[in-house]
>>> print(open('protein-v5.txt').read())   # compact mmCIF, C-alpha atoms
# COMPACT_ATOMS: atom_id res chain seq x y z
CA ASP A 402 78.24 -132.35 -160.69
CA PRO A 403 74.72 -131.75 -159.27
CA LYS A 404 74.05 -129.12 -161.96
CA THR A 405 74.15 -131.79 -164.66
CA PHE A 406 73.46 -134.93 -162.62
CA VAL A 407 71.01 -137.42 -164.15
CA PRO A 408 70.28 -140.63 -162.18
CA ASP A 409 70.43 -143.99 -163.93
CA PRO A 410 66.93 -145.62 -163.77
CA SER A 411 68.43 -149.09 -164.39
CA LYS A 412 69.93 -149.00 -160.90
CA TYR A 413 66.52 -148.74 -159.25
CA ASN A 414 63.42 -150.86 -158.89
CA ALA A 415 61.87 -150.80 -162.37
CA ARG A 416 58.34 -150.53 -160.95
CA LEU A 417 59.00 -147.65 -158.54
CA GLY A 418 61.58 -145.74 -160.58
CA VAL A 419 64.27 -143.46 -159.18
CA THR A 420 63.95 -142.71 -155.46
CA ASN A 421 65.51 -140.50 -152.78
CA TRP A 422 66.88 -137.81 -155.11
CA GLY A 423 68.65 -140.37 -157.28
CA ILE A 424 71.74 -140.46 -155.10
CA GLU A 425 71.15 -143.87 -153.58
CA GLU A 426 71.08 -146.92 -155.83
CA ARG A 427 68.50 -149.45 -154.63
CA THR A 428 69.72 -152.66 -156.24
CA LYS A 429 69.22 -156.23 -155.06
CA ASP A 430 72.07 -155.65 -152.61
CA TYR A 431 70.34 -152.60 -151.07
CA ASP A 432 71.07 -152.35 -147.34
CA LEU A 433 68.11 -150.78 -145.52
CA LEU A 434 69.95 -150.24 -142.22
CA ALA A 435 72.89 -148.57 -143.97
CA SER A 436 70.45 -146.37 -145.87
CA MET A 437 68.72 -145.29 -142.66
CA LEU A 438 72.05 -144.37 -141.08
CA LEU A 439 73.07 -142.38 -144.16
CA CYS A 440 69.76 -140.51 -144.15
CA GLN A 441 70.14 -139.70 -140.49
CA GLY A 442 73.60 -138.35 -141.16
CA ALA A 443 72.38 -136.26 -144.08
CA GLN A 444 69.60 -134.84 -141.91
CA GLY A 445 72.12 -133.92 -139.22
CA ALA A 446 70.66 -136.40 -136.76
CA LEU A 447 74.00 -136.64 -134.98
CA GLY A 448 73.68 -132.99 -134.05
CA ILE A 449 76.97 -131.94 -135.63
CA TYR A 450 75.50 -129.22 -137.80
CA GLY A 451 71.88 -129.20 -136.66
CA ARG A 452 68.85 -130.81 -138.25
CA ASP A 453 69.04 -128.87 -141.56
CA CYS A 454 72.69 -129.86 -141.88
CA LYS A 455 73.40 -127.25 -144.58
CA PHE A 456 77.11 -127.97 -144.51
CA ASN A 457 76.72 -131.71 -145.04
CA PRO A 458 78.06 -132.58 -148.56
CA THR A 459 75.05 -134.77 -149.34
CA ARG A 460 72.67 -132.00 -148.32
CA GLN A 461 74.59 -129.46 -150.39
CA PHE A 462 74.30 -131.74 -153.42
CA ILE A 463 70.55 -132.14 -152.87
CA ASN A 464 70.12 -128.38 -152.45
CA VAL A 465 71.33 -127.92 -156.02
CA LEU A 466 68.93 -130.62 -157.23
CA GLU A 467 66.09 -128.91 -155.37
CA HIS A 468 66.90 -125.56 -156.98
CA ARG A 469 66.94 -127.24 -160.39
CA LYS A 470 63.49 -128.67 -159.70
CA MET A 471 62.17 -125.28 -158.58
CA ASP A 472 63.60 -123.63 -161.69
CA SER A 473 61.71 -126.14 -163.85
CA ILE A 474 58.40 -124.53 -162.79
CA ALA A 475 59.26 -121.54 -164.98
CA GLY A 476 60.15 -123.83 -167.88
CA GLN A 477 58.02 -124.31 -170.97
CA GLN A 478 56.90 -127.86 -170.17
CA VAL A 479 55.44 -127.00 -166.77
CA GLN A 480 54.02 -123.63 -167.85
CA SER A 481 52.23 -125.12 -170.85
CA ALA A 482 50.66 -127.76 -168.60
CA LEU A 483 49.31 -125.34 -165.99
CA GLY A 484 46.22 -124.52 -168.05
CA GLN A 485 45.21 -128.17 -168.28
CA SER A 486 43.26 -130.56 -166.10
CA PHE A 487 44.17 -134.19 -165.49
CA VAL A 488 42.05 -137.28 -165.00
CA ILE A 489 44.15 -139.35 -162.61
CA ARG A 490 43.84 -142.91 -161.39
CA ILE A 491 45.24 -143.43 -157.89
CA GLU A 492 45.78 -146.96 -156.65
CA LEU A 493 47.10 -148.40 -153.43
CA CYS A 494 50.27 -150.38 -154.15
CA GLU A 495 51.08 -153.81 -152.71
CA ASN A 496 47.57 -154.37 -151.41
CA GLU A 497 45.72 -157.67 -151.42
CA GLY A 498 42.60 -156.10 -152.91
CA ASP A 499 42.21 -153.67 -155.79
CA VAL A 500 41.84 -150.27 -154.08
CA TRP A 501 41.72 -147.31 -156.45
CA ARG A 502 39.93 -144.05 -157.24
CA ARG A 503 39.68 -141.78 -160.25
CA PHE A 504 39.53 -137.98 -160.02
CA ARG A 505 40.01 -134.83 -162.04
CA VAL A 506 42.15 -131.90 -160.86
CA PRO A 507 43.79 -128.87 -162.46
CA ALA A 508 47.48 -129.33 -163.22
CA SER A 509 48.06 -126.11 -161.27
CA ILE A 510 46.80 -127.48 -157.93
CA ASP A 511 49.58 -127.33 -155.38
CA LEU A 512 50.74 -130.63 -153.96
CA ALA A 513 50.00 -129.74 -150.33
CA LYS A 514 46.35 -129.08 -151.23
CA LEU A 515 46.21 -132.19 -153.40
CA HIS A 516 47.20 -134.23 -150.36
CA ASP A 517 44.99 -132.46 -147.83
CA GLN A 518 41.86 -131.65 -149.84
CA VAL A 519 41.74 -134.43 -152.42
CA ILE A 520 43.75 -137.58 -151.78
CA ALA A 521 43.47 -137.92 -147.99
CA PRO A 522 39.66 -137.59 -147.78
CA MET A 523 39.12 -139.57 -151.01
CA MET A 524 41.22 -142.52 -149.82
CA GLY A 525 39.83 -142.39 -146.29
CA TRP A 526 42.99 -141.13 -144.60
CA SER A 527 43.02 -138.63 -141.74
CA ARG A 528 43.83 -135.07 -142.72
CA CYS A 529 46.62 -133.17 -140.95
CA ASP A 530 47.54 -136.26 -138.95
CA LYS A 531 50.22 -138.37 -140.62
CA ALA A 532 53.13 -137.20 -142.74
CA HIS A 533 53.09 -137.65 -146.51
CA VAL A 534 55.42 -137.36 -149.49
CA PHE A 535 55.15 -137.23 -153.27
CA GLU A 536 57.96 -138.78 -155.32
CA ASP A 537 58.92 -138.21 -158.95
CA PRO A 538 60.20 -141.56 -160.31
CA ARG A 539 62.08 -139.83 -163.13
CA ASP A 540 64.61 -138.03 -160.95
CA GLY A 541 63.87 -139.11 -157.37
CA THR A 542 62.63 -135.72 -156.15
CA VAL A 543 60.84 -136.01 -152.79
CA LEU A 544 58.23 -133.39 -151.86
CA GLY A 545 55.89 -133.25 -148.91
CA ILE A 546 55.72 -132.57 -145.20
CA HIS A 547 56.81 -129.22 -143.91
CA ALA A 548 57.32 -127.60 -140.53
CA SER A 549 53.99 -126.11 -139.49
CA LYS A 550 52.80 -124.05 -136.58
CA GLY A 551 49.59 -123.59 -134.68
CA LYS A 552 46.72 -126.05 -135.10
CA TYR A 553 48.53 -128.57 -137.30
CA GLN A 554 52.04 -128.94 -135.97
CA SER A 555 54.51 -131.48 -137.30
CA THR A 556 53.90 -134.92 -135.81
CA MET A 557 56.48 -137.31 -134.37
CA ASP A 558 55.84 -139.36 -137.51
CA SER A 559 57.08 -136.40 -139.54
CA LEU A 560 60.18 -135.81 -137.45
CA VAL A 561 61.38 -139.37 -136.95
CA ASN A 562 60.39 -141.34 -140.02
CA ALA A 563 61.20 -138.56 -142.48
CA SER A 564 64.83 -138.59 -141.36
CA LEU A 565 64.94 -142.38 -141.54
CA GLU A 566 63.51 -142.72 -145.01
CA TYR A 567 64.66 -139.64 -146.93
CA TYR A 568 67.76 -137.48 -147.22
CA HIS A 569 65.63 -134.36 -147.65
CA ILE A 570 61.98 -133.52 -148.28
CA MET A 571 61.21 -130.47 -150.39
CA ASP A 572 58.33 -128.31 -149.11
CA ASP A 573 55.32 -129.10 -151.31
CA ARG A 574 53.38 -125.92 -150.54
CA ASN A 575 52.82 -123.73 -153.62
CA ILE A 576 54.36 -126.41 -155.86
CA PRO A 577 52.06 -127.30 -158.79
CA LEU A 578 51.19 -130.86 -159.67
CA ALA A 579 52.57 -130.17 -163.15
CA ILE A 580 56.09 -130.25 -161.74
CA ILE A 581 55.83 -134.07 -161.63
CA LEU A 582 52.91 -134.93 -163.95
CA ARG A 583 52.45 -133.42 -167.41
CA HIS A 584 51.58 -136.06 -170.01
CA ILE A 585 49.23 -139.01 -170.44
CA GLY A 586 50.85 -142.03 -168.87
CA ASP A 587 53.02 -140.02 -166.49
CA VAL A 588 53.33 -141.61 -163.06
CA CYS A 589 54.25 -140.38 -159.58
CA TYR A 590 54.02 -141.88 -156.12
CA TYR A 591 52.30 -140.64 -152.97
CA THR A 592 53.05 -142.11 -149.56
CA TYR A 593 50.76 -141.57 -146.59
CA ASP A 594 52.06 -142.24 -143.07
CA LEU A 595 55.83 -142.56 -143.30
CA ALA A 596 55.86 -145.13 -140.51
CA GLU A 597 53.40 -147.51 -142.17
CA GLN A 598 54.39 -146.57 -145.75
CA TRP A 599 51.02 -146.65 -147.53
CA VAL A 600 52.31 -146.14 -151.07
CA HIS A 601 49.98 -145.06 -153.89
CA ARG A 602 50.60 -144.83 -157.62
CA LEU A 603 49.12 -141.88 -159.52
CA THR A 604 48.77 -142.22 -163.30
CA VAL A 605 47.54 -139.56 -165.72
CA GLU A 606 44.80 -141.17 -167.84
CA SER A 607 43.60 -138.19 -169.85
CA ILE A 608 44.18 -134.46 -170.25
CA GLY A 609 41.77 -131.61 -170.99
CA GLN A 610 41.68 -127.85 -170.74
CA PHE A 611 41.07 -126.57 -167.26
CA ASP A 612 37.64 -125.02 -166.71
CA ASN A 613 36.74 -123.33 -163.42
CA ASN A 614 33.13 -124.44 -163.92
CA THR A 615 33.94 -128.15 -163.95
>>> encode(input="protein-v5.txt", output="structure tokens")
Amino acid sequence: DPKTFVPDPSKYNARLGVTNWGIEERTKDYDLLASMLLCQGAQGALGIYGRDCKFNPTRQFINVLEHRKMDSIAGQQVQSALGQSFVIRIELCENEGDVWRRFRVPASIDLAKLHDQVIAPMMGWSRCDKAHVFEDPRDGTVLGIHASKGKYQSTMDSLVNASLEYYHIMDDRNIPLAIILRHIGDVCYYTYDLAEQWVHRLTVESIGQFDNNT
């Protein structure tokens, strides 16, 4: 039942936590090709129901999980964190050298702005070029790229690799950081360029009250 579903962290990579909405166990026997085909099916890549594939059972299950995540914004834990600021360490995973930065942001910053105005320029990535996602390792929620119009339209990277890697990506616009990070030691993951998979780990190091003057 998606209304009460809780993924089992022991069935996932202990370092990365739960991934892909918690509905795909990534054990030592994980089959990447099979996963890609399942994701394509869930995205409606076969054209049976269209790209949104709202009638696909997997997508229907994820829709309930997404609504649960959205409802959590109004919950006490997220609301109490919105008035705080976080000092966060971001580090590039699986890199030969030690590449990291430290920054402070309000817990209320929305994830789309965090990507575009903070992380991308700070880590030296191009803004509005490659697709990105944030992942919550506690429940596997995936948030990120969205269909855009005008100057910054969705790239081929967004359209192709998103459907290969993820069942569904929740729109991260107007979603506060506090939906995935709230306490010291909390961790989430940020991936830049879904083709190259530049994965970063974000860890909350300290918490203070948010001040517009700082």
>>> residues_around(input="protein-v5.txt", residues="Pro403 of chain A", least_positions_apart="3", cutoff="8 Å", atoms="all atoms listed in the file", output="mmCIF file with C-alpha atoms, in the coordinates of the input")
data_model
loop_
_atom_site.group_PDB
_atom_site.id
_atom_site.type_symbol
_atom_site.label_atom_id
_atom_site.label_comp_id
_atom_site.auth_asym_id
_atom_site.auth_seq_id
_atom_site.Cartn_x
_atom_site.Cartn_y
_atom_site.Cartn_z
ATOM 1 C CA PHE A 406 73.460 -134.930 -162.620
ATOM 2 C CA PHE A 462 74.300 -131.740 -153.420
ATOM 3 C CA ILE A 463 70.550 -132.140 -152.870
ATOM 4 C CA VAL A 465 71.330 -127.920 -156.020
ATOM 5 C CA LEU A 466 68.930 -130.620 -157.230
#
>>> closest_residue(input="protein-v5.txt", among="A:Gly609, A:Gly476, A:Val519, A:Asn464", to="Ile570 of chain A", atoms="all atoms listed in the file")
A:Asn464
>>> residues_around(input="protein-v5.txt", residues="segment 573-579 of chain A", least_positions_apart="3", cutoff="7 Å", atoms="only C-alpha atoms", output="ChimeraX atom specification")
/A:479,482-483,508-513,544-545,582-583
>>> closest_residue(input="protein-v5.txt", among="A:Cys589, A:Leu595, A:Val605, A:Ala475", to="Gly541 of chain A", atoms="all atoms listed in the file")
A:Cys589
>>> closest_residue(input="protein-v5.txt", among="A:Asp540, A:Phe487, A:Ser473, A:Leu565", to="Arg503 of chain A", atoms="all atoms listed in the file")
A:Phe487
>>> atom_distance(input="protein-v5.txt", atom1="atom CA of Tyr568 of chain A", atom2="atom CA of Glu495 of chain A")
24.0 Å
>>> atom_distance(input="protein-v5.txt", atom1="atom CA of Leu603 of chain A", atom2="atom CA of Asp572 of chain A")
19.4 Å
>>> atom_distance(input="protein-v5.txt", atom1="atom CA of Val506 of chain A", atom2="atom CA of Asp472 of chain A")
23.0 Å
>>> closest_residue(input="protein-v5.txt", among="A:Met524, A:Arg490, A:Asn457, A:Arg539", to="Ser411 of chain A", atoms="only C-alpha atoms")
A:Arg539
>>> closest_residue(input="protein-v5.txt", among="A:Tyr593, A:Tyr413, A:Phe611, A:Trp422", to="Ile546 of chain A", atoms="all atoms listed in the file")
A:Tyr593
